[in-house]
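Worksheet: one structure, shown below.
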Amino acid sequence: MKSKSTDNKRSSYRRGDMAASDKVRAKKFLGQHFLRSDEVAQRIVDSLSSEQPHVLEIGPGMGVLTQHLIQRTQQEVCAIEIDSESVEYLHLHYPSLHVIEGDFLRLDLTELFHAPFAVIGNFPYNISSQILFRVFDHRDCIPELVGMFQKEVAERVVAAPGSKTYGILSVLLSAFYDMEYLFTVSEQMFDPPPKVKSAVIRMRRNTVAHLDCDEQRFVQVVKAGFNQRRKTLRNALRQLNADMSQVSDTVLSQRAEQLSVADFVTLTQKLQFS
Ligand code: SAH
């Protein structure tokens with residue numbers, strides 16, 4: 001006979017089970033921590049400019065942000081949510097909302113609106129970096145993002161050169177976006193409370209259309225530099241098998257965390273790939 005606690009852990013949810021008064025049970029493996037504060041939700045939504053006609057919300061859960069978003073009638077809102085129980089909740093409570101049941105990481109972003117769109121969300125923390133890499137890859141159709149991350153991740157992505165937390169995403173994103181740390185949100189604002197603090201950041205596309213170097217190489221150089229971040233660039237970049245003879249000794253004896261975006265662009269120009 002199975003114990004009651006085992007039964008509770010298994011998902012006994014079936015589509016169509018939900019009553020309007022029911023709430024979604026938080027599932028840890030989906031990174032579900034529901035924001036309880038309506039005030040914080042409003043503040044997050046207010047941080048997104050209303051200029052973009054299309055908005056994609058990632059992981060709406062029970063719609064704490066969505067309810068404010070859909071009041072902005074000048075914007076078309078679409079949400080992607082992986083959890084079928086949350087999707088049913090959203091259908092019940094926000095019948096006119098366009099919800100896609102699926103995984104944001106697999107969503108075809110070019111087909112979504114056929115036009116640029118802003119991104120918003122209290123993101124599932126287990127896939128934050130993957131979300132940001134996807135945004136980077138689709139930077140020309142995503143002019144703005146407002147999102148909640150684990151505080152540590154938020155600090156990392158907005159970090160400036162010279163800081164210990166400055167890393168791959170800080171360089172890649174700040175090459176194309178103006179990055180802003182907006183505010184910190186305490187654990188107690190969520191149900192269930194996560195173990196870490198959270199923070200909201202905003203990214204707005206800058207005016208750089210293209211970098212003054214091969215952009216794929218740029219990404220490789222940044223990644224290689226930070227993969228061994230304690231090493232000097234001379235050592236960290238060896239894995240690229242590029243000719244470094246045009247790069248100055250001053251640069252090669254530095255570490256990746258000391259280089260600005262412009263420095264990485266110059267470095268990429270000077271490395272000769274065979
Ligand atoms: N925005 C809600 C929920 C935050 S929790 C709130 O603030 O209360 C994160 C949400 O992301 C959950 O609803 C979870 O089901 C959803 N999610 C997790 N992984 C996802 C993925 N790969 N694609 C889309 N949604 C995802």
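Every chain in the structure tokens has a letter given in the order shown (A, B, ...), and although residue numbers restart at 1 in each chain, ligands are simply numbered from 1 in the order shown.
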
Any idea what's packed within 9 Å of Phe34 of chain A, counting only C-alpha atoms, ignoring anything in its chain fewer than 2 positions away? Could you give it as JSON, numbers by chain? {"A": [26, 32, 36, 61, 62, 64, 122, 189, 190, 191, 192, 193]}

Per residue of chain A within 8 Å of ligand 1, which atom pair is closest and at what distance in Å (one decimal), using only C-alpha atoms and all ligand atoms, listed by chain and increasing number, as a tab-separated table?
```
residue	atom	partner	partner_atom_place_in_ligand_line	distance
A:Lys27	CA	ligand 1	15 (O)	7.5
A:Leu30	CA	ligand 1	18 (C)	4.5
A:Gly31	CA	ligand 1	9 (C)	5.4
A:Gln32	CA	ligand 1	5 (S)	3.7
A:His33	CA	ligand 1	5 (S)	4.6
A:Phe34	CA	ligand 1	8 (O)	3.2
A:Leu35	CA	ligand 1	8 (O)	4.0
A:Arg36	CA	ligand 1	8 (O)	7.0
A:Ala41	CA	ligand 1	7 (O)	7.5
A:Ile58	CA	ligand 1	24 (C)	5.5
A:Gly59	CA	ligand 1	11 (O)	3.3
A:Pro60	CA	ligand 1	1 (N)	3.9
A:Gly61	CA	ligand 1	13 (O)	3.3
A:Met62	CA	ligand 1	8 (O)	6.0
A:Gly63	CA	ligand 1	2 (C)	6.1
A:Val64	CA	ligand 1	8 (O)	5.5
A:Leu65	CA	ligand 1	1 (N)	6.3
A:Thr66	CA	ligand 1	1 (N)	8.0
A:Ile80	CA	ligand 1	24 (C)	5.2
A:Glu81	CA	ligand 1	25 (N)	3.9
A:Ile82	CA	ligand 1	25 (N)	4.3
A:Asp83	CA	ligand 1	15 (O)	4.6
A:Ser86	CA	ligand 1	13 (O)	6.4
A:Glu101	CA	ligand 1	24 (C)	7.8
A:Gly102	CA	ligand 1	23 (N)	6.0
A:Asp103	CA	ligand 1	23 (N)	3.6
A:Phe104	CA	ligand 1	23 (N)	3.9
A:Leu105	CA	ligand 1	22 (N)	5.7
A:Arg106	CA	ligand 1	22 (N)	7.9
A:Gly121	CA	ligand 1	1 (N)	5.7
A:Asn122	CA	ligand 1	1 (N)	4.5
A:Phe123	CA	ligand 1	9 (C)	5.1
A:Pro124	CA	ligand 1	9 (C)	4.1
A:Tyr125	CA	ligand 1	9 (C)	7.5
A:Asn126	CA	ligand 1	19 (N)	7.8
A:Ile127	CA	ligand 1	22 (N)	7.0
A:Phe190	CA	ligand 1	8 (O)	7.5
```

Residues just named, written with N, CA, C and O atoms as a tab-separated table (two decimals), in the first residue's frame:
```tsv
chain	number	residue	atom	x	y	z
A	27	LYS	N	5.13	23.23	-8.35
A	27	LYS	CA	5.96	22.06	-8.68
A	27	LYS	C	7.41	22.51	-8.74
A	27	LYS	O	7.78	23.35	-9.57
A	30	LEU	N	9.60	22.45	-11.95
A	30	LEU	CA	9.33	23.47	-12.98
A	30	LEU	C	9.73	24.86	-12.49
A	30	LEU	O	9.43	25.87	-13.12
A	31	GLY	N	10.41	24.89	-11.35
A	31	GLY	CA	10.87	26.18	-10.82
A	31	GLY	C	9.70	27.07	-10.41
A	31	GLY	O	9.78	28.28	-10.53
A	32	GLN	N	8.61	26.46	-9.96
A	32	GLN	CA	7.43	27.28	-9.66
A	32	GLN	C	7.49	27.91	-8.27
A	32	GLN	O	7.42	27.22	-7.24
A	33	HIS	N	7.67	29.22	-8.24
A	33	HIS	CA	7.57	30.01	-7.02
A	33	HIS	C	6.66	31.16	-7.43
A	33	HIS	O	7.04	32.01	-8.23
A	34	PHE	N	5.44	31.13	-6.92
A	34	PHE	CA	4.47	32.12	-7.38
A	34	PHE	C	4.61	33.42	-6.60
A	34	PHE	O	4.70	33.40	-5.37
A	35	LEU	N	4.63	34.51	-7.33
A	35	LEU	CA	4.75	35.82	-6.71
A	35	LEU	C	3.44	36.13	-5.99
A	35	LEU	O	2.36	36.01	-6.56
A	36	ARG	N	3.54	36.53	-4.71
A	36	ARG	CA	2.32	36.77	-3.93
A	36	ARG	C	1.95	38.25	-3.93
A	36	ARG	O	0.81	38.59	-3.65
A	41	ALA	N	4.17	42.83	-8.59
A	41	ALA	CA	3.77	42.45	-9.95
A	41	ALA	C	3.51	43.70	-10.80
A	41	ALA	O	3.97	43.82	-11.93
A	58	ILE	N	6.86	34.77	-20.44
A	58	ILE	CA	7.35	33.40	-20.25
A	58	ILE	C	6.97	32.93	-18.85
A	58	ILE	O	7.26	33.60	-17.86
A	59	GLY	N	6.31	31.78	-18.77
A	59	GLY	CA	5.98	31.19	-17.47
A	59	GLY	C	5.02	32.02	-16.64
A	59	GLY	O	5.35	32.44	-15.54
A	60	PRO	N	3.80	32.26	-17.13
A	60	PRO	CA	2.86	33.10	-16.37
A	60	PRO	C	2.33	32.46	-15.09
A	60	PRO	O	1.83	33.19	-14.22
A	61	GLY	N	2.41	31.15	-14.96
A	61	GLY	CA	1.89	30.50	-13.74
A	61	GLY	C	0.42	30.81	-13.57
A	61	GLY	O	-0.39	30.51	-14.44
A	62	MET	N	0.08	31.47	-12.45
A	62	MET	CA	-1.33	31.81	-12.23
A	62	MET	C	-1.65	33.23	-12.68
A	62	MET	O	-2.69	33.79	-12.30
A	63	GLY	N	-0.75	33.83	-13.42
A	63	GLY	CA	-1.09	35.09	-14.07
A	63	GLY	C	-0.93	36.35	-13.25
A	63	GLY	O	-1.56	37.36	-13.55
A	64	VAL	N	-0.08	36.31	-12.23
A	64	VAL	CA	0.06	37.50	-11.40
A	64	VAL	C	0.56	38.70	-12.21
A	64	VAL	O	0.12	39.84	-11.98
A	65	LEU	N	1.45	38.47	-13.16
A	65	LEU	CA	1.88	39.58	-14.04
A	65	LEU	C	0.88	39.79	-15.16
A	65	LEU	O	0.57	40.92	-15.54
A	66	THR	N	0.38	38.66	-15.68
A	66	THR	CA	-0.52	38.69	-16.83
A	66	THR	C	-1.73	39.60	-16.60
A	66	THR	O	-2.12	40.36	-17.49
A	80	ILE	N	3.62	31.84	-22.83
A	80	ILE	CA	4.00	30.44	-23.01
A	80	ILE	C	4.24	29.83	-21.64
A	80	ILE	O	5.00	30.36	-20.83
A	81	GLU	N	3.55	28.73	-21.40
A	81	GLU	CA	3.62	28.09	-20.08
A	81	GLU	C	3.72	26.57	-20.30
A	81	GLU	O	2.96	25.99	-21.07
A	82	ILE	N	4.66	25.96	-19.60
A	82	ILE	CA	4.93	24.53	-19.81
A	82	ILE	C	4.00	23.63	-18.98
A	82	ILE	O	3.77	22.47	-19.31
A	83	ASP	N	3.46	24.20	-17.91
A	83	ASP	CA	2.69	23.39	-16.95
A	83	ASP	C	1.21	23.36	-17.31
A	83	ASP	O	0.54	24.40	-17.29
A	86	SER	N	-1.21	24.97	-14.87
A	86	SER	CA	-1.24	26.45	-14.94
A	86	SER	C	-2.00	26.91	-16.18
A	86	SER	O	-2.74	27.88	-16.14
A	101	GLU	N	0.73	26.27	-24.72
A	101	GLU	CA	1.24	25.29	-23.75
A	101	GLU	C	2.51	24.70	-24.35
A	101	GLU	O	2.47	24.04	-25.38
A	102	GLY	N	3.63	24.97	-23.73
A	102	GLY	CA	4.88	24.45	-24.28
A	102	GLY	C	6.10	25.00	-23.57
A	102	GLY	O	5.98	25.74	-22.59
A	103	ASP	N	7.25	24.63	-24.13
A	103	ASP	CA	8.54	24.97	-23.55
A	103	ASP	C	9.11	26.17	-24.30
A	103	ASP	O	9.32	26.09	-25.52
A	104	PHE	N	9.37	27.24	-23.60
A	104	PHE	CA	9.91	28.43	-24.25
A	104	PHE	C	11.20	28.11	-25.01
A	104	PHE	O	11.46	28.67	-26.08
A	105	LEU	N	11.97	27.20	-24.48
A	105	LEU	CA	13.26	26.91	-25.11
A	105	LEU	C	13.10	26.24	-26.48
A	105	LEU	O	14.02	26.17	-27.26
A	106	ARG	N	11.89	25.72	-26.74
A	106	ARG	CA	11.64	25.08	-28.04
A	106	ARG	C	10.70	25.88	-28.93
A	106	ARG	O	10.38	25.46	-30.04
A	121	GLY	N	8.72	38.33	-17.69
A	121	GLY	CA	8.44	37.12	-16.93
A	121	GLY	C	9.14	37.11	-15.58
A	121	GLY	O	10.13	37.78	-15.38
A	122	ASN	N	8.52	36.35	-14.67
A	122	ASN	CA	9.24	35.92	-13.47
A	122	ASN	C	9.74	34.55	-13.87
A	122	ASN	O	9.00	33.58	-13.85
A	123	PHE	N	10.94	34.50	-14.30
A	123	PHE	CA	11.40	33.33	-15.02
A	123	PHE	C	11.67	32.14	-14.11
A	123	PHE	O	12.06	32.31	-12.96
A	124	PRO	N	11.49	30.93	-14.69
A	124	PRO	CA	11.92	29.75	-13.94
A	124	PRO	C	13.44	29.79	-13.81
A	124	PRO	O	14.15	29.88	-14.80
A	125	TYR	N	13.93	29.79	-12.56
A	125	TYR	CA	15.35	30.06	-12.33
A	125	TYR	C	16.26	28.97	-12.88
A	125	TYR	O	17.42	29.23	-13.18
A	126	ASN	N	15.71	27.77	-13.03
A	126	ASN	CA	16.57	26.68	-13.53
A	126	ASN	C	16.95	26.85	-15.00
A	126	ASN	O	17.88	26.21	-15.48
A	127	ILE	N	16.24	27.71	-15.72
A	127	ILE	CA	16.60	27.89	-17.14
A	127	ILE	C	16.91	29.35	-17.49
A	127	ILE	O	16.86	29.75	-18.65
A	190	PHE	N	7.18	35.27	-2.26
A	190	PHE	CA	6.80	34.14	-3.11
A	190	PHE	C	6.17	33.00	-2.31
A	190	PHE	O	6.45	32.83	-1.13
```

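Among the candidate residues A:Ala224, A:Met18, A:Val153, A:Val171, the one lying nearest to Arg238 of chain A is A:Ala224, with distances computed using only C-alpha atoms.
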
Near Phe273 of chain A, within 10 Å and counting only C-alpha atoms, which residues show up once chain neighbours fewer than 6 positions away are dropped, as a VMD selection string? chain A and resid 217 240 to 244

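Atom CA of Gln216 of chain A is positioned 20.2 Å from atom CA of Tyr166 of chain A.
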
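Of the residues listed (A:Ile131, A:Val157, A:Leu252, A:Val208), A:Leu252 shows the shortest atom-to-atom separation from Lys231 of chain A; distances use only C-alpha atoms.
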
Counting only C-alpha atoms, what is within 10 Å of segment 49-55 of chain A, bar same-chain residues fewer than 6 positions away, as a list in words?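 After dropping sequence-adjacent residues, the list is Leu69, Ile70, Arg72, Thr73, Gln74, Gln75, Glu76, Val77, Cys78, Ala79, Leu112, Phe113, His114, Ala115, Pro116, Phe117, Ala118, Val119, Ile120, Ile142, Pro143, Glu144, Leu145, Val146 and Arg204 of chain A.
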
Based on the selection just made, write N, CA and C atoms of those residues as a CSV table (one decimal), in the first residue's frame.
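Ended up saving to out_22.csv:
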```csv
chain,number,residue,atom,x,y,z
A,69,LEU,N,-0.7,43.0,-17.3
A,69,LEU,CA,-0.3,43.1,-18.8
A,69,LEU,C,-1.5,43.3,-19.6
A,70,ILE,N,-2.6,42.4,-19.4
A,70,ILE,CA,-3.7,42.5,-20.3
A,70,ILE,C,-4.6,43.7,-20.2
A,72,ARG,N,-3.2,46.5,-20.4
A,72,ARG,CA,-2.7,47.5,-21.4
A,72,ARG,C,-3.2,47.1,-22.8
A,73,THR,N,-4.3,47.7,-23.1
A,73,THR,CA,-5.0,47.2,-24.3
A,73,THR,C,-4.3,47.5,-25.6
A,74,GLN,N,-3.3,48.4,-25.5
A,74,GLN,CA,-2.6,48.7,-26.8
A,74,GLN,C,-1.6,47.6,-27.2
A,75,GLN,N,-1.4,46.6,-26.2
A,75,GLN,CA,-0.4,45.6,-26.5
A,75,GLN,C,-1.0,44.2,-26.6
A,76,GLU,N,-0.6,43.5,-27.6
A,76,GLU,CA,-1.0,42.1,-27.8
A,76,GLU,C,-0.2,41.2,-26.9
A,77,VAL,N,-0.8,40.5,-26.0
A,77,VAL,CA,0.0,39.6,-25.1
A,77,VAL,C,-0.2,38.1,-25.5
A,78,CYS,N,0.9,37.5,-25.5
A,78,CYS,CA,0.9,36.0,-25.7
A,78,CYS,C,1.7,35.4,-24.6
A,79,ALA,N,1.3,34.3,-24.0
A,79,ALA,CA,2.1,33.7,-22.9
A,79,ALA,C,2.4,32.3,-23.3
A,112,LEU,N,6.4,33.5,-34.2
A,112,LEU,CA,5.4,33.9,-33.1
A,112,LEU,C,4.5,35.1,-33.5
A,113,PHE,N,5.1,36.2,-33.7
A,113,PHE,CA,4.3,37.4,-34.0
A,113,PHE,C,4.6,37.9,-35.4
A,114,HIS,N,5.7,37.4,-36.1
A,114,HIS,CA,6.1,38.0,-37.4
A,114,HIS,C,6.4,39.5,-37.2
A,115,ALA,N,6.8,39.9,-36.0
A,115,ALA,CA,7.2,41.3,-35.7
A,115,ALA,C,7.9,41.3,-34.4
A,116,PRO,N,8.7,42.3,-34.2
A,116,PRO,CA,9.4,42.4,-32.9
A,116,PRO,C,8.5,42.3,-31.7
A,117,PHE,N,9.0,41.8,-30.6
A,117,PHE,CA,8.2,41.7,-29.4
A,117,PHE,C,9.0,41.8,-28.2
A,118,ALA,N,8.4,42.4,-27.1
A,118,ALA,CA,9.1,42.5,-25.8
A,118,ALA,C,8.9,41.2,-25.0
A,119,VAL,N,9.8,40.9,-24.1
A,119,VAL,CA,9.7,39.7,-23.3
A,119,VAL,C,9.6,40.1,-21.8
A,120,ILE,N,8.7,39.4,-21.1
A,120,ILE,CA,8.5,39.7,-19.7
A,120,ILE,C,8.3,38.4,-19.0
A,142,ILE,N,13.9,41.1,-30.4
A,142,ILE,CA,13.5,41.3,-29.0
A,142,ILE,C,14.1,42.7,-28.6
A,143,PRO,N,13.3,43.8,-28.7
A,143,PRO,CA,13.9,45.1,-28.4
A,143,PRO,C,13.9,45.3,-26.9
A,144,GLU,N,13.2,44.6,-26.1
A,144,GLU,CA,13.2,44.9,-24.7
A,144,GLU,C,12.8,43.6,-23.9
A,145,LEU,N,13.4,43.5,-22.7
A,145,LEU,CA,13.1,42.4,-21.8
A,145,LEU,C,13.0,43.0,-20.3
A,146,VAL,N,12.0,42.6,-19.6
A,146,VAL,CA,11.9,42.9,-18.2
A,146,VAL,C,11.7,41.6,-17.5
A,204,ARG,N,17.3,46.9,-22.7
A,204,ARG,CA,16.8,47.6,-23.9
A,204,ARG,C,17.8,47.5,-25.0
```

Members of segment 53-232 of chain A assigned strand (DSSP E) by DSSP, as a ChimeraX atom specification: /A:54-58,76-81,98-101,118-122,144-150,177-185,190-191,198-205

Residues from the last selection, N, CA and C atoms, saved as a compact mmCIF listing (two decimals), in the first residue's frame:
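File selection.txt, as written:
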```
# COMPACT_ATOMS: atom_id res chain seq x y z
N HIS A 54 3.69 44.07 -29.31
CA HIS A 54 3.58 42.65 -28.96
C HIS A 54 4.43 42.32 -27.73
N VAL A 55 3.85 41.48 -26.85
CA VAL A 55 4.57 41.09 -25.64
C VAL A 55 4.46 39.58 -25.45
N LEU A 56 5.57 38.95 -25.15
CA LEU A 56 5.55 37.53 -24.81
C LEU A 56 5.88 37.38 -23.33
N GLU A 57 4.99 36.72 -22.60
CA GLU A 57 5.29 36.43 -21.20
C GLU A 57 5.73 34.97 -21.09
N ILE A 58 6.86 34.77 -20.44
CA ILE A 58 7.35 33.40 -20.25
C ILE A 58 6.97 32.93 -18.85
N GLU A 76 -0.57 43.49 -27.62
CA GLU A 76 -1.05 42.12 -27.77
C GLU A 76 -0.16 41.21 -26.92
N VAL A 77 -0.78 40.46 -26.01
CA VAL A 77 -0.01 39.61 -25.09
C VAL A 77 -0.18 38.15 -25.45
N CYS A 78 0.94 37.45 -25.49
CA CYS A 78 0.90 36.02 -25.69
C CYS A 78 1.75 35.42 -24.57
N ALA A 79 1.32 34.28 -24.03
CA ALA A 79 2.08 33.69 -22.92
C ALA A 79 2.45 32.26 -23.27
N ILE A 80 3.62 31.84 -22.83
CA ILE A 80 4.00 30.44 -23.01
C ILE A 80 4.24 29.83 -21.64
N GLU A 81 3.55 28.73 -21.40
CA GLU A 81 3.62 28.09 -20.08
C GLU A 81 3.72 26.57 -20.30
N HIS A 98 -4.08 34.66 -25.00
CA HIS A 98 -3.50 33.68 -25.91
C HIS A 98 -2.38 32.94 -25.17
N VAL A 99 -2.64 31.70 -24.78
CA VAL A 99 -1.63 30.92 -24.05
C VAL A 99 -1.17 29.76 -24.92
N ILE A 100 0.14 29.63 -25.04
CA ILE A 100 0.69 28.47 -25.73
C ILE A 100 1.17 27.52 -24.65
N GLU A 101 0.73 26.27 -24.72
CA GLU A 101 1.24 25.29 -23.75
C GLU A 101 2.51 24.70 -24.35
N ALA A 118 8.39 42.37 -27.10
CA ALA A 118 9.07 42.49 -25.81
C ALA A 118 8.86 41.20 -25.03
N VAL A 119 9.77 40.90 -24.13
CA VAL A 119 9.67 39.69 -23.31
C VAL A 119 9.58 40.09 -21.85
N ILE A 120 8.68 39.40 -21.13
CA ILE A 120 8.54 39.68 -19.69
C ILE A 120 8.34 38.36 -18.96
N GLY A 121 8.72 38.33 -17.69
CA GLY A 121 8.44 37.12 -16.93
C GLY A 121 9.14 37.11 -15.58
N ASN A 122 8.52 36.35 -14.67
CA ASN A 122 9.24 35.92 -13.47
C ASN A 122 9.74 34.55 -13.87
N GLU A 144 13.18 44.60 -26.09
CA GLU A 144 13.18 44.88 -24.65
C GLU A 144 12.83 43.63 -23.86
N LEU A 145 13.42 43.53 -22.67
CA LEU A 145 13.07 42.44 -21.76
C LEU A 145 13.04 42.98 -20.34
N VAL A 146 11.99 42.61 -19.61
CA VAL A 146 11.95 42.89 -18.18
C VAL A 146 11.72 41.55 -17.51
N GLY A 147 12.62 41.19 -16.60
CA GLY A 147 12.46 39.86 -16.03
C GLY A 147 13.03 39.73 -14.64
N MET A 148 12.43 38.78 -13.92
CA MET A 148 12.92 38.48 -12.57
C MET A 148 13.78 37.25 -12.64
N PHE A 149 14.93 37.36 -12.01
CA PHE A 149 15.90 36.27 -11.94
C PHE A 149 16.31 36.07 -10.49
N GLN A 150 17.02 35.00 -10.27
CA GLN A 150 17.69 34.84 -9.00
C GLN A 150 18.64 36.04 -8.90
N TYR A 177 22.54 45.29 -25.72
CA TYR A 177 21.46 45.82 -24.87
C TYR A 177 22.02 46.77 -23.81
N ASP A 178 21.22 47.78 -23.44
CA ASP A 178 21.53 48.57 -22.25
C ASP A 178 20.93 47.79 -21.09
N MET A 179 21.76 47.48 -20.12
CA MET A 179 21.35 46.59 -19.04
C MET A 179 21.10 47.40 -17.75
N GLU A 180 20.00 47.14 -17.08
CA GLU A 180 19.72 47.85 -15.83
C GLU A 180 19.24 46.89 -14.75
N TYR A 181 19.82 47.02 -13.57
CA TYR A 181 19.34 46.29 -12.40
C TYR A 181 18.26 47.18 -11.79
N LEU A 182 17.03 46.70 -11.72
CA LEU A 182 15.96 47.59 -11.26
C LEU A 182 15.71 47.52 -9.76
N PHE A 183 15.39 46.33 -9.24
CA PHE A 183 15.17 46.23 -7.78
C PHE A 183 15.25 44.78 -7.32
N THR A 184 15.44 44.65 -6.01
CA THR A 184 15.59 43.33 -5.38
C THR A 184 14.24 42.91 -4.79
N VAL A 185 13.94 41.63 -4.83
CA VAL A 185 12.68 41.13 -4.28
C VAL A 185 13.00 40.02 -3.27
N PHE A 190 7.18 35.27 -2.26
CA PHE A 190 6.80 34.14 -3.11
C PHE A 190 6.17 33.00 -2.31
N ASP A 191 5.40 32.23 -3.02
CA ASP A 191 4.81 31.04 -2.43
C ASP A 191 5.09 29.86 -3.36
N SER A 198 15.62 37.45 -5.14
CA SER A 198 15.39 37.64 -6.57
C SER A 198 15.63 39.09 -6.94
N ALA A 199 15.75 39.34 -8.20
CA ALA A 199 15.93 40.73 -8.65
C ALA A 199 15.37 40.88 -10.05
N VAL A 200 14.92 42.10 -10.32
CA VAL A 200 14.33 42.39 -11.63
C VAL A 200 15.33 43.22 -12.45
N ILE A 201 15.52 42.81 -13.68
CA ILE A 201 16.39 43.59 -14.56
C ILE A 201 15.62 44.02 -15.81
N ARG A 202 16.15 45.04 -16.44
CA ARG A 202 15.58 45.47 -17.72
C ARG A 202 16.70 45.55 -18.75
N MET A 203 16.40 45.08 -19.94
CA MET A 203 17.36 45.16 -21.04
C MET A 203 16.68 45.86 -22.20
N ARG A 204 17.35 46.88 -22.73
CA ARG A 204 16.78 47.57 -23.91
C ARG A 204 17.81 47.54 -25.02
N ARG A 205 17.34 47.15 -26.16
CA ARG A 205 18.24 47.01 -27.32
C ARG A 205 18.90 48.34 -27.60
```

d(atom CA of Lys270 of chain A, atom CA of Ile168 of chain A) in Å: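 Straight-line distance from atom CA of Lys270 of chain A to atom CA of Ile168 of chain A works out to 19.7 Å.
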
Minimum-distance residue to Ser174 of chain A, chosen among A:Thr110, A:Leu90, A:Gly16, A:Ala160 (using only C-alpha atoms):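 Looking only at the distances to Ser174 of chain A, the closest residue turns out to be A:Ala160.
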